[in-house]
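Asks: Take this structure, written in C-alpha cells, and hold onto it; I'll ask about it next.
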Amino acid sequence: MCKSKKKLSKEVMEPQQKPRRSSSSSTKKLSSFTDQSLSSTSQNLISPNGSTTSFIINNFNNNKNSQSWASSSKSSHHSLSSLKGALLFPEQPHIYNFSEIRSATQNFLKDPLSSSSTSTSWCCLLRDQNVVVIQRKFRRKMDTDELIEHVAMICRSHHSSLIPLKGASVSGNYIYLVYEYTQGVNLSEALRNRRNPNFTVLSNWISRIQIASDIAHGLDYIHHSTGLGLGFVHNHIKSTSIIITEPSLHAKICHFGTAELCGETRNEIKDPSSEIGPKKGTELKKCGSKGLKFEGTRGYMAPEFQWTGMATVKSDVYAFGVVVLELISGKEAVKYEVDEESGGYTRISVIETAAKAVDNGGTGLRGWVDRRLKDSYPVDVAEKLVHLGLDCVETNPNNRPDMGRVTGRISQMYLESKTWAEKFAPLTDFTVSLGPR
C-alpha cells in the first residue's frame, strides 16, 4: 500500500502522457474488472499448495484528469486484500481480507450454518451486512488473473432466482466465498419436515410449479446468460442447495459460481448437439481408479459424471430433473429402507418410482404424487411435469433437453396451472337468503 500521499502523487498520470513503467520486474497487468480499459498490477499465483498471493488496490482520484494506481505487494496472510473504487464502479466485487473473514467467523469457532466433508458455511456479519461465508478447498491451481476475472464476472451476474455472490477471499489451500444472506429454508426441509412429516409449507400445487419455474429460469441463466456467451456449470444442484424464501415461497439457487471459483470446471462447454456420453464399444473406467477425485451428492449425479467426473450443462439438467421429481412426490432423491425378509437394505430412487408410476397409467401417477396436495392439482399438468422430469434424467446425456427448452415448457405449465387455479378457486364470497320466494 502507499505509505504517504506524497509518494502516491508521484505516480499520478496525465491522460495524454504515457504511463510510467513500474520498477518491479515481477509485476504484470491484470484483466479489467469492467468493460472499460482499466488495469492493475499483480504478482505470483493462487494455488492449492499455499503459495503467496498478491493483493490489489485500485485507488481512484476524484480529479477529472488524473488516476493513480498503487503497486501490488505480497500478502503475509496468503489472502487477497481489499479492493477500493467501489464508488466509481458499483458492480466491482469485494476482495476481502482474510482477517475480515476470520474476525466475522470468530476465528472459525462460531457455530457453522452447515458442514460437510467438502465445505463449511457460517452466517455472520461482514462489513455491516448479513452474509453467508462458505469455505471450500481449491481443486486445481488457478492463476490470479483467472480468479479475479471469474469473481468479477459472477458478481456482475444478477438474477432473481440466484443468491448473489458479494466477493471472495483466499488463504492457503482454501477459498472463502461470501454470499448475500437470504431468509428462508432449503427445499429439502420445506418438503420434508422432520418434526411433522404430515406438514409442508408447500401444500398447494401453485407453490410447487412456481418453485420449479424459478429453478428452471435460474439454471437457464447460469448456462446461457452469464459471462457474455461463456457457459457456466453449477455442479451442485440439489434440494438442499435451493432456498425457499419467506414469505413469498419463491426459490433461489445457492452456490452460484462455486464450481468455477474452486476449479471444479474449466468452462470447456461443448455444443449441446455434440456427443457427450461414451461412444458405443468404448470401455470406461470409474474415476478414482487412477486417483482422480470428484464430489457429488448421491441421487443427483448423472451416470456419465460418475464415470468421468466431468461436470457439464447436461449433468446439471440431470440434477434438475431429480429435483422436479422430488417437488411432485415430496420424496427424497434416494433412500434406503430395511428389508424385513432379508434383513438388508433396499435402495429406493425417486427416478425409479416415478418411471413405475408412469408405466401404471393415471391411477399409478395419482398414487405417486404427494398426498399432502390432497388431489387438488391439474392432473394433465402434473403428468406433463413428471414426463419432463424423466426426460431430464435420461441415461444418455444427448437425449436430455436443453435448459432453455425446459424453461419454456415449464413456463407453459405454469400458465396452465394458473388457469386451473382460477377456474377451480374456492368460493370466498356468498350470501344466504332466508326469506320466502
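Following the order of the C-alpha cells, chains are lettered A, B, ..., residues in each are numbered from 1, and ligands are numbered from 1.
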Residues of range 318-435 of chain A classed as strand (DSSP E) by DSSP on the backbone are to be reported as an MDAnalysis selection string.
Replies: chainID A and resid 334:338 345:349
Asks: Create the file for the chosen residues now, containing N, CA and C atoms and written as a PDB file, in the first residue's frame.
Replies:
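The result, stored in selection_7.pdb:
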```pdb
ATOM      1  N   VAL A 334     -33.064 -40.279  -3.063  1.00  0.00           N
ATOM      2  CA  VAL A 334     -32.749 -41.698  -2.869  1.00  0.00           C
ATOM      3  C   VAL A 334     -32.727 -41.968  -1.370  1.00  0.00           C
ATOM      4  N   LYS A 335     -33.237 -43.124  -0.979  1.00  0.00           N
ATOM      5  CA  LYS A 335     -33.221 -43.512   0.432  1.00  0.00           C
ATOM      6  C   LYS A 335     -33.105 -45.028   0.524  1.00  0.00           C
ATOM      7  N   TYR A 336     -32.785 -45.478   1.699  1.00  0.00           N
ATOM      8  CA  TYR A 336     -32.613 -46.911   1.941  1.00  0.00           C
ATOM      9  C   TYR A 336     -33.558 -47.360   3.050  1.00  0.00           C
ATOM     10  N   GLU A 337     -34.303 -48.405   2.767  1.00  0.00           N
ATOM     11  CA  GLU A 337     -35.240 -48.960   3.738  1.00  0.00           C
ATOM     12  C   GLU A 337     -34.847 -50.384   4.076  1.00  0.00           C
ATOM     13  N   VAL A 338     -35.151 -50.771   5.289  1.00  0.00           N
ATOM     14  CA  VAL A 338     -34.800 -52.115   5.753  1.00  0.00           C
ATOM     15  C   VAL A 338     -35.761 -53.134   5.153  1.00  0.00           C
ATOM     16  N   TYR A 345     -30.751 -53.862   3.259  1.00  0.00           N
ATOM     17  CA  TYR A 345     -31.309 -52.560   2.892  1.00  0.00           C
ATOM     18  C   TYR A 345     -31.712 -52.551   1.418  1.00  0.00           C
ATOM     19  N   THR A 346     -32.826 -51.896   1.150  1.00  0.00           N
ATOM     20  CA  THR A 346     -33.315 -51.763  -0.217  1.00  0.00           C
ATOM     21  C   THR A 346     -33.201 -50.306  -0.654  1.00  0.00           C
ATOM     22  N   ARG A 347     -32.587 -50.091  -1.802  1.00  0.00           N
ATOM     23  CA  ARG A 347     -32.418 -48.730  -2.325  1.00  0.00           C
ATOM     24  C   ARG A 347     -33.677 -48.320  -3.076  1.00  0.00           C
ATOM     25  N   ILE A 348     -34.215 -47.158  -2.712  1.00  0.00           N
ATOM     26  CA  ILE A 348     -35.416 -46.635  -3.364  1.00  0.00           C
ATOM     27  C   ILE A 348     -35.078 -45.280  -3.975  1.00  0.00           C
ATOM     28  N   SER A 349     -35.188 -45.193  -5.290  1.00  0.00           N
ATOM     29  CA  SER A 349     -34.868 -43.964  -6.018  1.00  0.00           C
ATOM     30  C   SER A 349     -36.146 -43.310  -6.516  1.00  0.00           C
TER      31      SER A 349
END
```
Asks: Excluding range 383-394 of chain A and any residue of its chain fewer than 5 positions from it, enumerate the residues within 10 Å of it, using only C-alpha atoms, and give them as a count of residues only.
Replies: 43
Asks: Quick one: residues within 12 Å of Ile222 in chain A, only C-alpha atoms, excluding same-chain residues fewer than 2 positions away - as a ChimeraX atom specification?
Replies: /A:153-154,157-163,215-220,224-235,237,253-260,267,312-313,316-317,403-404
Asks: Could you check which of A:Gly367, A:Arg208, A:Leu261, A:Ser119 is closest to Val151 in chain A, using only C-alpha atoms?
Replies: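 That would be A:Leu261, the residue with the smallest distance to Val151 in chain A.
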Asks: How many Å separate CA of Asn204 in chain A from CA of Pro247 in chain A?
Replies: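 So the answer is 14.6 Å.
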Asks: Hey, what's within 12 Å of Ile244 in chain A if we count only C-alpha atoms and toss same-chain stuff fewer than 6 positions away? As number ranges by chain, please?
Replies: A: 161-163, 182-191, 201-202, 207-208, 210-212, 214-215, 250-254
Asks: Applying 8 Å and only C-alpha atoms, which residues near Tyr377 in chain A remain after dropping the ones on its own chain fewer than 2 positions away? List them as a PDB file with N, CA and C atoms, in the first residue's frame.
Replies:
```pdb
ATOM      1  N   ASN A 204     -49.833 -26.502  -1.670  1.00  0.00           N
ATOM      2  CA  ASN A 204     -50.686 -26.366  -2.849  1.00  0.00           C
ATOM      3  C   ASN A 204     -49.849 -26.463  -4.120  1.00  0.00           C
ATOM      4  N   TRP A 205     -50.506 -26.789  -5.211  1.00  0.00           N
ATOM      5  CA  TRP A 205     -49.822 -27.046  -6.471  1.00  0.00           C
ATOM      6  C   TRP A 205     -49.139 -25.808  -7.035  1.00  0.00           C
ATOM      7  N   LEU A 373     -50.944 -32.838  -1.157  1.00  0.00           N
ATOM      8  CA  LEU A 373     -51.644 -31.946  -2.091  1.00  0.00           C
ATOM      9  C   LEU A 373     -53.134 -32.252  -2.131  1.00  0.00           C
ATOM     10  N   ASP A 375     -55.006 -34.333  -3.765  1.00  0.00           N
ATOM     11  CA  ASP A 375     -55.589 -34.488  -5.108  1.00  0.00           C
ATOM     12  C   ASP A 375     -56.090 -33.169  -5.695  1.00  0.00           C
ATOM     13  N   VAL A 379     -54.316 -32.598 -13.167  1.00  0.00           N
ATOM     14  CA  VAL A 379     -53.716 -33.903 -13.446  1.00  0.00           C
ATOM     15  C   VAL A 379     -52.908 -33.878 -14.739  1.00  0.00           C
ATOM     16  N   ALA A 382     -49.625 -32.110 -14.141  1.00  0.00           N
ATOM     17  CA  ALA A 382     -48.747 -32.945 -13.314  1.00  0.00           C
ATOM     18  C   ALA A 382     -48.109 -34.057 -14.141  1.00  0.00           C
TER      19      ALA A 382
END
```
Asks: Do a neighbour search on Thr200 in chain A at 8 Å with only C-alpha atoms, toss out local chain neighbours closer than 3 positions, and write the hits as a list in words.
Replies: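 Returned residues: Ala190, Leu191, Arg192, Asn193, Pro197, Ser203 and Arg372 of chain A.
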Asks: Go ahead and save the residues from that selection, with N, CA and C atoms, as an mmCIF file, in the first residue's frame.
Replies:
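Final output, out-v2.cif:
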```
data_model
loop_
_atom_site.group_PDB
_atom_site.id
_atom_site.type_symbol
_atom_site.label_atom_id
_atom_site.label_comp_id
_atom_site.auth_asym_id
_atom_site.auth_seq_id
_atom_site.Cartn_x
_atom_site.Cartn_y
_atom_site.Cartn_z
ATOM 1 N N ALA A 190 -38.304 -27.833 3.438
ATOM 2 C CA ALA A 190 -39.665 -27.371 3.145
ATOM 3 C C ALA A 190 -40.573 -28.533 2.747
ATOM 4 N N LEU A 191 -40.013 -29.519 2.058
ATOM 5 C CA LEU A 191 -40.807 -30.663 1.612
ATOM 6 C C LEU A 191 -40.944 -31.737 2.691
ATOM 7 N N ARG A 192 -39.886 -31.902 3.470
ATOM 8 C CA ARG A 192 -39.866 -32.996 4.447
ATOM 9 C C ARG A 192 -39.545 -32.455 5.832
ATOM 10 N N ASN A 193 -40.616 -32.134 6.579
ATOM 11 C CA ASN A 193 -40.483 -31.614 7.931
ATOM 12 C C ASN A 193 -40.219 -32.773 8.889
ATOM 13 N N PRO A 197 -43.937 -34.830 9.723
ATOM 14 C CA PRO A 197 -43.893 -35.281 8.319
ATOM 15 C C PRO A 197 -45.172 -35.000 7.539
ATOM 16 N N SER A 203 -48.045 -26.657 0.405
ATOM 17 C CA SER A 203 -49.229 -27.517 0.481
ATOM 18 C C SER A 203 -50.168 -27.375 -0.706
ATOM 19 N N ARG A 372 -50.095 -34.913 0.338
ATOM 20 C CA ARG A 372 -50.412 -33.672 1.061
ATOM 21 C C ARG A 372 -51.008 -32.601 0.153
#
```
